[in-house]
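Asks: The file below is structure-v5.pdb, PDB, C-alpha atoms and all ligand atoms:
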ATOM      1  CA  MET A  25      21.351 -10.241  -2.981
ATOM      2  CA  ASP A  26      19.121 -11.718  -0.278
ATOM      3  CA  LYS A  27      15.428 -11.634  -0.851
ATOM      4  CA  ALA A  28      13.676  -8.772   0.881
ATOM      5  CA  SER A  29      11.162  -9.819   3.458
ATOM      6  CA  LEU A  30       7.676  -8.331   3.255
ATOM      7  CA  VAL A  31       4.738  -8.419   5.627
ATOM      8  CA  VAL A  32       1.453  -7.527   3.931
ATOM      9  CA  LEU A  33      -1.577  -6.234   5.826
ATOM     10  CA  ILE A  34      -4.999  -6.590   4.216
ATOM     11  CA  SER A  35      -8.692  -6.254   5.038
ATOM     12  CA  GLY A  36     -10.445  -7.374   1.884
ATOM     13  CA  THR A  37     -10.162  -8.706  -1.646
ATOM     14  CA  GLY A  38      -6.389  -8.630  -1.764
ATOM     15  CA  SER A  39      -5.998  -7.880  -5.450
ATOM     16  CA  ASN A  40      -2.976  -5.697  -4.670
ATOM     17  CA  LEU A  41      -1.579  -8.556  -2.587
ATOM     18  CA  GLN A  42      -2.090 -10.766  -5.650
ATOM     19  CA  ALA A  43      -0.216  -8.276  -7.844
ATOM     20  CA  ILE A  44       2.722  -8.431  -5.424
ATOM     21  CA  ILE A  45       2.608 -12.239  -5.334
ATOM     22  CA  ASP A  46       2.553 -12.322  -9.142
ATOM     23  CA  ALA A  47       5.472  -9.898  -9.411
ATOM     24  CA  ILE A  48       7.498 -12.152  -7.082
ATOM     25  CA  LYS A  49       6.566 -15.238  -9.095
ATOM     26  CA  ASN A  50       7.555 -13.493 -12.323
ATOM     27  CA  ASN A  51      10.932 -12.612 -10.802
ATOM     28  CA  GLU A  52      10.145  -8.921 -11.059
ATOM     29  CA  LEU A  53      10.547  -8.564  -7.290
ATOM     30  CA  ASN A  54      13.405 -10.127  -5.347
ATOM     31  CA  ALA A  55      11.264 -10.580  -2.266
ATOM     32  CA  GLU A  56       9.231 -12.996  -0.259
ATOM     33  CA  ILE A  57       6.079 -12.411   1.694
ATOM     34  CA  SER A  58       6.721 -13.889   5.112
ATOM     35  CA  THR A  59       3.212 -13.316   6.403
ATOM     36  CA  VAL A  60      -0.123 -11.841   5.436
ATOM     37  CA  ILE A  61      -2.111 -10.321   8.283
ATOM     38  CA  SER A  62      -5.797  -9.490   8.067
ATOM     39  CA  ASN A  63      -8.014  -7.731  10.572
ATOM     40  CA  GLN A  64     -11.033  -9.379   8.913
ATOM     41  CA  VAL A  65     -11.529 -13.103   9.160
ATOM     42  CA  SER A  66     -13.560 -13.099   5.933
ATOM     43  CA  ALA A  67     -10.975 -11.235   3.806
ATOM     44  CA  ALA A  68     -10.749 -12.992   0.440
ATOM     45  CA  GLY A  69      -7.083 -12.060   0.308
ATOM     46  CA  LEU A  70      -6.418 -14.667   3.008
ATOM     47  CA  GLU A  71      -7.356 -17.404   0.523
ATOM     48  CA  ARG A  72      -5.000 -15.934  -2.052
ATOM     49  CA  ALA A  73      -2.174 -16.149   0.510
ATOM     50  CA  THR A  74      -3.053 -19.685   1.575
ATOM     51  CA  ARG A  75      -3.104 -20.807  -2.065
ATOM     52  CA  GLU A  76       0.495 -19.614  -2.297
ATOM     53  CA  ASN A  77       1.539 -21.281   0.962
ATOM     54  CA  ILE A  78       2.070 -17.941   2.654
ATOM     55  CA  THR A  79       1.542 -17.889   6.423
ATOM     56  CA  THR A  80      -1.537 -15.931   7.448
ATOM     57  CA  HIS A  81      -2.647 -14.362  10.689
ATOM     58  CA  VAL A  82      -6.038 -12.966  11.540
ATOM     59  CA  ILE A  83      -5.937 -10.275  14.189
ATOM     60  CA  GLU A  84      -9.455  -8.965  14.572
ATOM     61  CA  HIS A  85      -9.468  -5.349  15.681
ATOM     62  CA  LYS A  86     -12.861  -5.790  17.302
ATOM     63  CA  ARG A  87     -11.347  -8.129  19.889
ATOM     64  CA  TYR A  88      -9.180  -5.330  21.271
ATOM     65  CA  PRO A  89     -10.374  -2.570  23.605
ATOM     66  CA  ASN A  90      -8.710   0.189  21.589
ATOM     67  CA  ARG A  91      -6.402   1.053  18.703
ATOM     68  CA  GLU A  92      -3.246   0.949  20.826
ATOM     69  CA  PHE A  93      -3.884  -2.616  21.999
ATOM     70  CA  PHE A  94      -4.729  -3.772  18.486
ATOM     71  CA  ASP A  95      -1.606  -2.169  17.061
ATOM     72  CA  GLN A  96       0.479  -3.777  19.821
ATOM     73  CA  ALA A  97      -0.907  -7.161  18.795
ATOM     74  CA  LEU A  98       0.055  -6.423  15.173
ATOM     75  CA  MET A  99       3.574  -5.456  16.215
ATOM     76  CA  GLN A 100       3.956  -8.616  18.256
ATOM     77  CA  VAL A 101       3.381 -10.652  15.108
ATOM     78  CA  ILE A 102       5.343  -8.397  12.761
ATOM     79  CA  ASP A 103       8.495  -7.673  14.803
ATOM     80  CA  PRO A 104       9.889 -11.226  15.076
ATOM     81  CA  LEU A 105       9.670 -11.441  11.267
ATOM     82  CA  LYS A 106      12.039  -8.470  10.916
ATOM     83  CA  PRO A 107      10.477  -7.287   7.661
ATOM     84  CA  ASP A 108      12.314  -4.977   5.285
ATOM     85  CA  LEU A 109       8.978  -3.464   4.411
ATOM     86  CA  VAL A 110       5.486  -3.490   5.910
ATOM     87  CA  VAL A 111       3.018  -3.221   3.058
ATOM     88  CA  LEU A 112      -0.523  -1.938   3.619
ATOM     89  CA  ALA A 113      -2.626  -3.361   0.803
ATOM     90  CA  GLY A 114      -6.244  -2.381   1.344
ATOM     91  CA  PHE A 115      -5.797  -2.421   5.128
ATOM     92  CA  MET A 116      -8.822  -0.504   6.316
ATOM     93  CA  ARG A 117      -7.656   0.552   9.767
ATOM     94  CA  ILE A 118      -6.185   3.820  10.905
ATOM     95  CA  LEU A 119      -2.879   3.046  12.595
ATOM     96  CA  SER A 120      -1.707   4.671  15.829
ATOM     97  CA  ASP A 121       1.178   7.145  15.807
ATOM     98  CA  ASN A 122       3.086   4.604  17.843
ATOM     99  CA  PHE A 123       2.763   1.971  15.120
ATOM    100  CA  VAL A 124       3.659   4.415  12.357
ATOM    101  CA  GLU A 125       6.735   5.635  14.244
ATOM    102  CA  HIS A 126       7.783   2.062  14.991
ATOM    103  CA  TYR A 127       7.939   1.176  11.272
ATOM    104  CA  ARG A 128       8.938   4.620  10.066
ATOM    105  CA  HIS A 129      10.741   4.548   6.688
ATOM    106  CA  ARG A 130       9.598   0.977   6.029
ATOM    107  CA  LEU A 131       5.810   1.306   6.047
ATOM    108  CA  ILE A 132       4.116   1.829   2.710
ATOM    109  CA  ASN A 133       0.500   2.246   1.569
ATOM    110  CA  ILE A 134      -1.510   2.507  -1.618
ATOM    111  CA  HIS A 135      -4.379   4.968  -1.767
ATOM    112  CA  PRO A 136      -6.862   5.303  -4.624
ATOM    113  CA  SER A 137      -6.475   9.004  -5.388
ATOM    114  CA  LEU A 138      -3.891  11.472  -6.554
ATOM    115  CA  LEU A 139      -2.798  12.541  -3.077
ATOM    116  CA  PRO A 140      -3.000  15.049  -1.487
ATOM    117  CA  LYS A 141      -6.425  15.063  -3.167
ATOM    118  CA  TYR A 142      -9.170  12.953  -1.580
ATOM    119  CA  LYS A 143      -7.813  11.409   1.569
ATOM    120  CA  GLY A 144     -10.112   8.891   3.249
ATOM    121  CA  LEU A 145     -12.973   7.001   1.604
ATOM    122  CA  ASN A 146     -15.145   7.327  -1.550
ATOM    123  CA  THR A 147     -12.327   8.810  -3.578
ATOM    124  CA  HIS A 148     -13.712   7.742  -6.966
ATOM    125  CA  GLN A 149     -17.092   9.352  -6.358
ATOM    126  CA  LYS A 150     -15.358  12.516  -5.157
ATOM    127  CA  ALA A 151     -13.326  12.725  -8.371
ATOM    128  CA  ILE A 152     -16.505  12.301 -10.459
ATOM    129  CA  SER A 153     -18.549  14.780  -8.410
ATOM    130  CA  ASN A 154     -15.774  17.368  -8.723
ATOM    131  CA  LYS A 155     -15.675  16.809 -12.494
ATOM    132  CA  ASP A 156     -11.981  15.967 -12.391
ATOM    133  CA  LYS A 157     -10.455  15.099 -15.751
ATOM    134  CA  VAL A 158      -7.804  12.888 -14.189
ATOM    135  CA  HIS A 159      -7.848  10.623 -11.190
ATOM    136  CA  GLY A 160      -5.535   7.870 -10.050
ATOM    137  CA  ALA A 161      -3.674   6.196  -7.229
ATOM    138  CA  SER A 162      -0.678   6.960  -5.039
ATOM    139  CA  VAL A 163       1.899   4.807  -3.280
ATOM    140  CA  HIS A 164       3.312   6.593  -0.266
ATOM    141  CA  TYR A 165       5.376   6.045   2.839
ATOM    142  CA  VAL A 166       3.057   6.289   5.789
ATOM    143  CA  GLY A 167       2.995   9.381   7.990
ATOM    144  CA  THR A 168       1.066   9.814  11.211
ATOM    145  CA  GLU A 169      -1.818  11.799   9.623
ATOM    146  CA  LEU A 170      -4.438   9.869   7.614
ATOM    147  CA  ASP A 171      -3.255   9.145   4.051
ATOM    148  CA  SER A 172      -0.212  11.340   4.528
ATOM    149  CA  GLY A 173       3.507  10.814   3.987
ATOM    150  CA  PRO A 174       5.754  11.284   0.968
ATOM    151  CA  VAL A 175       4.354   9.937  -2.301
ATOM    152  CA  VAL A 176       6.700   7.716  -4.300
ATOM    153  CA  ILE A 177       4.652   6.945  -7.421
ATOM    154  CA  GLN A 178       1.320   8.089  -8.776
ATOM    155  CA  ALA A 179      -0.659   6.542 -11.610
ATOM    156  CA  GLU A 180      -2.974   8.756 -13.585
ATOM    157  CA  VAL A 181      -6.107   7.601 -15.347
ATOM    158  CA  PRO A 182      -8.578   9.719 -17.310
ATOM    159  CA  VAL A 183     -12.065  10.235 -15.888
ATOM    160  CA  LEU A 184     -14.572   9.522 -18.656
ATOM    161  CA  ALA A 185     -17.924  11.271 -19.006
ATOM    162  CA  THR A 186     -19.593   7.861 -18.757
ATOM    163  CA  ASP A 187     -17.761   6.789 -15.594
ATOM    164  CA  THR A 188     -19.487   5.651 -12.444
ATOM    165  CA  ALA A 189     -17.549   5.248  -9.210
ATOM    166  CA  GLU A 190     -17.397   1.503 -10.003
ATOM    167  CA  THR A 191     -16.025   1.788 -13.538
ATOM    168  CA  LEU A 192     -13.517   4.392 -12.435
ATOM    169  CA  ALA A 193     -12.438   2.286  -9.446
ATOM    170  CA  LYS A 194     -11.806  -0.657 -11.755
ATOM    171  CA  ARG A 195      -9.631   1.400 -14.082
ATOM    172  CA  VAL A 196      -7.663   2.837 -11.149
ATOM    173  CA  LEU A 197      -7.223  -0.595  -9.537
ATOM    174  CA  LYS A 198      -5.646  -1.939 -12.722
ATOM    175  CA  GLU A 199      -2.971   0.750 -12.439
ATOM    176  CA  GLU A 200      -2.560   0.128  -8.711
ATOM    177  CA  HIS A 201      -1.506  -3.403  -9.576
ATOM    178  CA  LYS A 202       1.318  -1.984 -11.673
ATOM    179  CA  ILE A 203       2.598   0.792  -9.426
ATOM    180  CA  TYR A 204       2.529  -1.059  -6.109
ATOM    181  CA  PRO A 205       5.023  -3.792  -7.102
ATOM    182  CA  LEU A 206       7.072  -1.096  -8.827
ATOM    183  CA  ALA A 207       7.288   1.067  -5.706
ATOM    184  CA  ILE A 208       8.157  -1.973  -3.582
ATOM    185  CA  LYS A 209      10.906  -2.867  -6.055
ATOM    186  CA  LEU A 210      12.368   0.646  -5.851
ATOM    187  CA  HIS A 211      12.355   0.440  -2.054
ATOM    188  CA  ILE A 212      13.891  -3.007  -1.674
ATOM    189  CA  GLU A 213      16.585  -2.228  -4.228
ATOM    190  CA  GLY A 214      17.425   0.815  -2.109
ATOM    191  CA  ARG A 215      16.768   3.125  -5.048
ATOM    192  CA  VAL A 216      13.991   4.976  -3.279
ATOM    193  CA  THR A 217      14.659   5.879   0.333
ATOM    194  CA  PHE A 218      12.799   7.869   2.927
ATOM    195  CA  ASP A 219      15.213   8.867   5.669
ATOM    196  CA  ASP A 220      15.362  11.877   7.966
ATOM    197  CA  GLY A 221      12.177  13.168   6.374
ATOM    198  CA  GLN A 222      13.744  13.150   2.890
ATOM    199  CA  LEU A 223      12.448  11.136  -0.028
ATOM    200  CA  LYS A 224      15.229  10.259  -2.458
ATOM    201  CA  LEU A 225      15.604   8.422  -5.747
ATOM    202  CA  ASP A 226      19.113   7.170  -6.492
ATOM    203  CA  GLY A 227      20.482   9.492  -3.828
ATOM    204  CA  GLN A 228      18.816  12.607  -5.239
ATOM    205  CA  GLN A 229      15.946  14.343  -3.503
ATOM    206  CA  LEU A 230      12.651  13.509  -5.189
ATOM    207  CA  THR A 231      10.760  16.760  -5.438
ATOM    208  CA  ARG A 232       7.655  15.295  -7.077
ATOM    209  CA  PRO A 233       6.254  11.771  -7.191
ATOM    210  CA  LEU A 234       7.263   9.509 -10.074
ATOM    211  CA  LEU A 235       4.422   9.416 -12.574
ATOM    212  CA  TRP A 236       3.055   6.246 -14.158
ATOM    213  CA  LYS A 237       1.055   7.146 -17.240
ATOM    214  CA  ASN A 238       0.356   5.264 -20.460
ATOM    215  CA  ASN A 239       2.294   2.299 -19.070
ATOM    216  CA  GLN A 240       5.458   4.330 -18.573
ATOM    217  CA  LEU A 241       7.305   5.817 -15.641
ATOM    218  CA  SER A 242       8.509   9.385 -15.846
TER     219      SER A 242
HETATM  220  C1  LIG A 301      -7.458  -0.440  -3.241
HETATM  221  O1  LIG A 301      -8.211   0.431  -4.041
HETATM  222  C2  LIG A 301      -6.472   0.330  -2.409
HETATM  223  O2  LIG A 301      -5.982   1.465  -3.041
HETATM  224  C3  LIG A 301      -7.305   0.727  -1.233
HETATM  225  O3  LIG A 301      -8.149  -0.377  -0.994
HETATM  226  C4  LIG A 301      -8.315  -1.124  -2.182
HETATM  227  C5  LIG A 301      -7.852  -2.509  -1.878
HETATM  228  O4  LIG A 301      -8.103  -3.407  -2.898
HETATM  229  N1  LIG A 301      -6.480   1.117  -0.135
HETATM  230  P1  LIG A 301      -7.533  -4.883  -2.804
HETATM  231  O5  LIG A 301      -7.976  -5.489  -1.483
HETATM  232  O6  LIG A 301      -6.047  -4.825  -2.936
HETATM  233  O7  LIG A 301      -8.192  -5.607  -3.951
END
Would you put the structure from the file into structure tokens?
Replies:
Amino acid sequence: MDKASLVVLISGTGSNLQAIIDAIKNNELNAEISTVISNQVSAAGLERATRENITTHVIEHKRYPNREFFDQALMQVIDPLKPDLVVLAGFMRILSDNFVEHYRHRLINIHPSLLPKYKGLNTHQKAISNKDKVHGASVHYVGTELDSGPVVIQAEVPVLATDTAETLAKRVLKEEHKIYPLAIKLHIEGRVTFDDGQLKLDGQQLTRPLLWKNNQLS
């Protein structure tokens, strides 16, 4: 089987990008990252990509008059690469409906909460303030509303009485690094599909997200 082609969009540290790179190197993912795009010139993830000889592009959103123009510039770089999957990995920009529709069914994101809980920012603090017992992360296909779209996998982590937003974020991030490559694998192997508004696993409708807990998928 041909390698799946991925384009990864980042804004920052790129630890999820690194997890995907590592999964490819370990032959856990039959894929290659054709390009990493960042909207921030200072994103540390760009160095991770360069170290691995992956092509990088910086497209600074602030150089564009509005979201539509910025998203057009992204598409102009992405489209010729014909990616099987566009992977948002800590990409801190809201994308236009146009962009989301353009890559519908092949645009995926990771969000640090158990969606639909806590869309947007400061998710770890919200979980602590609400005295949640469990928190986590979700990998989902991207819909036009913020942090919406069908969730493929969620990872649960316990919230400890001693947790701060930082300690909790660290624990969640560790699980993100497991579930993101896993979700990408399920997509590129065609096991998970999102077509005609239906999320399916092995041809069967998935009525709840797959759950990653205690290092196991259920
Ligand atoms: C992760 O927590 C991800 O869920 C969120 O942004 C963070 C990115 O981290 N969308 P990194 O850049 O992958 O290290």
Asks: Quick check on the file I pasted: which residues fall under the PyMOL selection byres (((not hetatm)) within 9 of (chain A and resi 301))? Write them as an MDAnalysis selection string.
Replies: chainID A and resid 34:43 67:69 112:116 133:137 145 161:163 193:194 196:197 200:201
Asks: Care to translate the PyMOL selection byres (((chain A and resi 187) around 12) and not hetatm) into actual residues of this file, as a list in words?
Replies: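 So the PyMOL selection byres (((chain A and resi 187) around 12) and not hetatm) ends up selecting His148, Gln149, Ala151, Ile152, Ser153, Lys155, Asp156, Lys157, Val158, His159, Val181, Pro182, Val183, Leu184, Ala185, Thr186, Thr188, Ala189, Glu190, Thr191, Leu192, Ala193, Lys194, Arg195 and Val196 of chain A.
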Asks: Restricting the calculation to all atoms listed in the file: of A:Ala55, A:Val32, A:Ala97, A:Val65, which residue gets closest to Val82 of chain A?
Replies: A:Val65
Asks: Work out how far apart atom CA of Arg215 of chain A and atom CA of Pro233 of chain A are and give it in Å to one decimal.
Replies: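 These atoms are spaced 13.8 Å apart.
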Asks: Find the residues near Thr59 of chain A: any atom within 10 Å, counting all atoms listed in the file, skip ones fewer than 4 places away on the same chain, and give them as JSON, numbers by chain.
Replies: {"A": [29, 30, 31, 32, 33, 73, 77, 78, 79, 80, 81, 101, 102, 105, 107]}
Asks: Store the residues of this selection in a file with C-alpha atoms, as a PDB file, in the frame of the given file.
Replies:
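Done, and the output landed in part.pdb:
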ATOM      1  CA  SER A  29      11.162  -9.819   3.458  1.00  0.00           C
ATOM      2  CA  LEU A  30       7.676  -8.331   3.255  1.00  0.00           C
ATOM      3  CA  VAL A  31       4.738  -8.419   5.627  1.00  0.00           C
ATOM      4  CA  VAL A  32       1.453  -7.527   3.931  1.00  0.00           C
ATOM      5  CA  LEU A  33      -1.577  -6.234   5.826  1.00  0.00           C
ATOM      6  CA  ALA A  73      -2.174 -16.149   0.510  1.00  0.00           C
ATOM      7  CA  ASN A  77       1.539 -21.281   0.962  1.00  0.00           C
ATOM      8  CA  ILE A  78       2.070 -17.941   2.654  1.00  0.00           C
ATOM      9  CA  THR A  79       1.542 -17.889   6.423  1.00  0.00           C
ATOM     10  CA  THR A  80      -1.537 -15.931   7.448  1.00  0.00           C
ATOM     11  CA  HIS A  81      -2.647 -14.362  10.689  1.00  0.00           C
ATOM     12  CA  VAL A 101       3.381 -10.652  15.108  1.00  0.00           C
ATOM     13  CA  ILE A 102       5.343  -8.397  12.761  1.00  0.00           C
ATOM     14  CA  LEU A 105       9.670 -11.441  11.267  1.00  0.00           C
ATOM     15  CA  PRO A 107      10.477  -7.287   7.661  1.00  0.00           C
TER      16      PRO A 107
END
Asks: Please return as a list in words every residue within 12 Å of (6.1, 8.7, -13.5), taking into account all atoms listed in the file and the file's own coordinates.
Replies: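 Checked against the point, the hits come out as Ala161, Ser162, Val163, Val175, Val176, Ile177, Gln178, Ala179, Glu180, Lys202, Ile203, Leu206, Ala207, Leu230, Arg232, Pro233, Leu234, Leu235, Trp236, Lys237, Asn238, Asn239, Gln240, Leu241 and Ser242 of chain A.
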Asks: Which polymer residues have any atom within 12 Å of an atom of Arg91 of chain A, counting only C-alpha atoms, with same-chain residues fewer than 2 positions away left out, as a list in words?
Replies: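 Once the adjacent positions are removed, what remains is Glu84, His85, Lys86, Arg87, Tyr88, Pro89, Phe93, Phe94, Asp95, Gln96, Ala97, Leu98, Arg117, Ile118, Leu119, Ser120, Asp121, Asn122 and Phe123 of chain A.
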Asks: Using all atoms listed in the file, pick whichever of A:Arg72, A:Arg130, A:Lys27, A:Lys150 has the shortest atom-to-atom distance to Val216 of chain A.
Replies: A:Arg130
Asks: If you measure from atom CA of Ile132 of chain A to atom CA of Pro205 of chain A, what distance in Å do you get, rounded to one decimal?
Replies: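 Atom CA of Pro205 of chain A lies 11.3 Å from atom CA of Ile132 of chain A.
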Asks: Pick from A:Ile83, A:Leu139, A:Met99, A:Val111: nearest to Ile57 of chain A, with all atoms listed in the file counted?
Replies: A:Val111
Asks: So, counting all atoms listed in the file, which residue among A:Leu225, A:Tyr204, A:Ile45, A:Phe218 is closest to Tyr127 of chain A?
Replies: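 Comparing A:Leu225, A:Tyr204, A:Ile45, A:Phe218 against Tyr127 of chain A, the winner is A:Phe218.
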Asks: As an exercise, work out the distance from atom CA of Lys209 of chain A to atom CA of Asp108 of chain A in Å and give it to one decimal place.
Replies: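 Value for the atom CA of Lys209 of chain A-atom CA of Asp108 of chain A distance: 11.6 Å.
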Asks: With only C-alpha atoms as the atoms that count, which of A:Pro174, A:Pro104, A:Gly167, A:Pro140 lies nearest to Gln222 of chain A?
Replies: A:Pro174
Asks: Return the padded bounding box of segment 133-141 of chain A as JSON: axis-aligned, built from all atoms listed in the file, 6 Å added on each side, with centre and edge lengths in Å to one decimal.
Replies:
{"center_x": -3.2, "center_y": 8.7, "center_z": -2.5, "size_x": 19.4, "size_y": 24.8, "size_z": 20.1}
Asks: Taking (20.9, 2.2, -1.3) in the file's own coordinates, collect the residues within 10 Å, counting only C-alpha atoms, and hand them back as a list in words.
Replies: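 Here is the list of nearby residues: Leu210, His211, Ile212, Glu213, Gly214, Arg215, Val216, Thr217, Lys224, Leu225, Asp226 and Gly227 of chain A.
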Asks: Is it possible to dump segment 68-91 of chain A as a PDB file, in the first residue's frame, including just N, CA and C atoms?
Replies:
ATOM      1  N   ALA A  68       8.367  26.270  17.667  1.00  0.00           N
ATOM      2  CA  ALA A  68       9.465  25.315  17.869  1.00  0.00           C
ATOM      3  C   ALA A  68       9.267  24.057  17.021  1.00  0.00           C
ATOM      4  N   GLY A  69       8.031  23.775  16.699  1.00  0.00           N
ATOM      5  CA  GLY A  69       7.739  22.604  15.868  1.00  0.00           C
ATOM      6  C   GLY A  69       8.407  22.674  14.500  1.00  0.00           C
ATOM      7  N   LEU A  70       8.686  23.880  14.026  1.00  0.00           N
ATOM      8  CA  LEU A  70       9.355  24.025  12.723  1.00  0.00           C
ATOM      9  C   LEU A  70      10.740  23.393  12.768  1.00  0.00           C
ATOM     10  N   GLU A  71      11.421  23.566  13.920  1.00  0.00           N
ATOM     11  CA  GLU A  71      12.766  22.960  14.056  1.00  0.00           C
ATOM     12  C   GLU A  71      12.668  21.446  14.077  1.00  0.00           C
ATOM     13  N   ARG A  72      11.638  20.938  14.723  1.00  0.00           N
ATOM     14  CA  ARG A  72      11.458  19.472  14.738  1.00  0.00           C
ATOM     15  C   ARG A  72      11.342  18.957  13.308  1.00  0.00           C
ATOM     16  N   ALA A  73      10.549  19.678  12.482  1.00  0.00           N
ATOM     17  CA  ALA A  73      10.343  19.249  11.091  1.00  0.00           C
ATOM     18  C   ALA A  73      11.656  19.331  10.318  1.00  0.00           C
ATOM     19  N   THR A  74      12.355  20.434  10.476  1.00  0.00           N
ATOM     20  CA  THR A  74      13.609  20.629   9.734  1.00  0.00           C
ATOM     21  C   THR A  74      14.614  19.538  10.079  1.00  0.00           C
ATOM     22  N   ARG A  75      14.675  19.202  11.374  1.00  0.00           N
ATOM     23  CA  ARG A  75      15.578  18.119  11.815  1.00  0.00           C
ATOM     24  C   ARG A  75      15.298  16.813  11.087  1.00  0.00           C
ATOM     25  N   GLU A  76      14.047  16.633  10.682  1.00  0.00           N
ATOM     26  CA  GLU A  76      13.648  15.385  10.016  1.00  0.00           C
ATOM     27  C   GLU A  76      13.602  15.551   8.497  1.00  0.00           C
ATOM     28  N   ASN A  77      14.156  16.641   8.019  1.00  0.00           N
ATOM     29  CA  ASN A  77      14.153  16.925   6.573  1.00  0.00           C
ATOM     30  C   ASN A  77      12.756  17.028   5.978  1.00  0.00           C
ATOM     31  N   ILE A  78      11.835  17.506   6.759  1.00  0.00           N
ATOM     32  CA  ILE A  78      10.471  17.725   6.245  1.00  0.00           C
ATOM     33  C   ILE A  78      10.379  19.185   5.786  1.00  0.00           C
ATOM     34  N   THR A  79       9.785  19.378   4.614  1.00  0.00           N
ATOM     35  CA  THR A  79       9.614  20.742   4.088  1.00  0.00           C
ATOM     36  C   THR A  79       8.729  21.551   5.035  1.00  0.00           C
ATOM     37  N   THR A  80       9.095  22.794   5.253  1.00  0.00           N
ATOM     38  CA  THR A  80       8.265  23.654   6.104  1.00  0.00           C
ATOM     39  C   THR A  80       7.859  24.919   5.340  1.00  0.00           C
ATOM     40  N   HIS A  81       6.725  25.427   5.740  1.00  0.00           N
ATOM     41  CA  HIS A  81       6.256  26.712   5.207  1.00  0.00           C
ATOM     42  C   HIS A  81       5.784  27.548   6.379  1.00  0.00           C
ATOM     43  N   VAL A  82       6.133  28.811   6.363  1.00  0.00           N
ATOM     44  CA  VAL A  82       5.551  29.726   7.351  1.00  0.00           C
ATOM     45  C   VAL A  82       4.584  30.631   6.595  1.00  0.00           C
ATOM     46  N   ILE A  83       3.351  30.602   7.034  1.00  0.00           N
ATOM     47  CA  ILE A  83       2.344  31.504   6.441  1.00  0.00           C
ATOM     48  C   ILE A  83       1.770  32.294   7.607  1.00  0.00           C
ATOM     49  N   GLU A  84       2.252  33.493   7.768  1.00  0.00           N
ATOM     50  CA  GLU A  84       1.868  34.281   8.952  1.00  0.00           C
ATOM     51  C   GLU A  84       0.485  34.908   8.749  1.00  0.00           C
ATOM     52  N   HIS A  85      -0.423  34.551   9.638  1.00  0.00           N
ATOM     53  CA  HIS A  85      -1.798  35.059   9.468  1.00  0.00           C
ATOM     54  C   HIS A  85      -1.837  36.579   9.512  1.00  0.00           C
ATOM     55  N   LYS A  86      -0.898  37.158  10.292  1.00  0.00           N
ATOM     56  CA  LYS A  86      -0.969  38.618  10.462  1.00  0.00           C
ATOM     57  C   LYS A  86      -0.620  39.381   9.177  1.00  0.00           C
ATOM     58  N   ARG A  87      -0.088  38.684   8.205  1.00  0.00           N
ATOM     59  CA  ARG A  87       0.219  39.353   6.926  1.00  0.00           C
ATOM     60  C   ARG A  87      -0.986  39.408   5.985  1.00  0.00           C
ATOM     61  N   TYR A  88      -2.095  38.820   6.423  1.00  0.00           N
ATOM     62  CA  TYR A  88      -3.271  38.769   5.543  1.00  0.00           C
ATOM     63  C   TYR A  88      -4.381  39.639   6.115  1.00  0.00           C
ATOM     64  N   PRO A  89      -5.142  40.295   5.230  1.00  0.00           N
ATOM     65  CA  PRO A  89      -6.153  41.250   5.721  1.00  0.00           C
ATOM     66  C   PRO A  89      -7.290  40.576   6.484  1.00  0.00           C
ATOM     67  N   ASN A  90      -7.568  39.316   6.195  1.00  0.00           N
ATOM     68  CA  ASN A  90      -8.643  38.646   6.930  1.00  0.00           C
ATOM     69  C   ASN A  90      -8.474  37.132   6.829  1.00  0.00           C
ATOM     70  N   ARG A  91      -9.350  36.440   7.547  1.00  0.00           N
ATOM     71  CA  ARG A  91      -9.292  34.975   7.643  1.00  0.00           C
ATOM     72  C   ARG A  91      -9.375  34.301   6.266  1.00  0.00           C
TER      73      ARG A  91
END
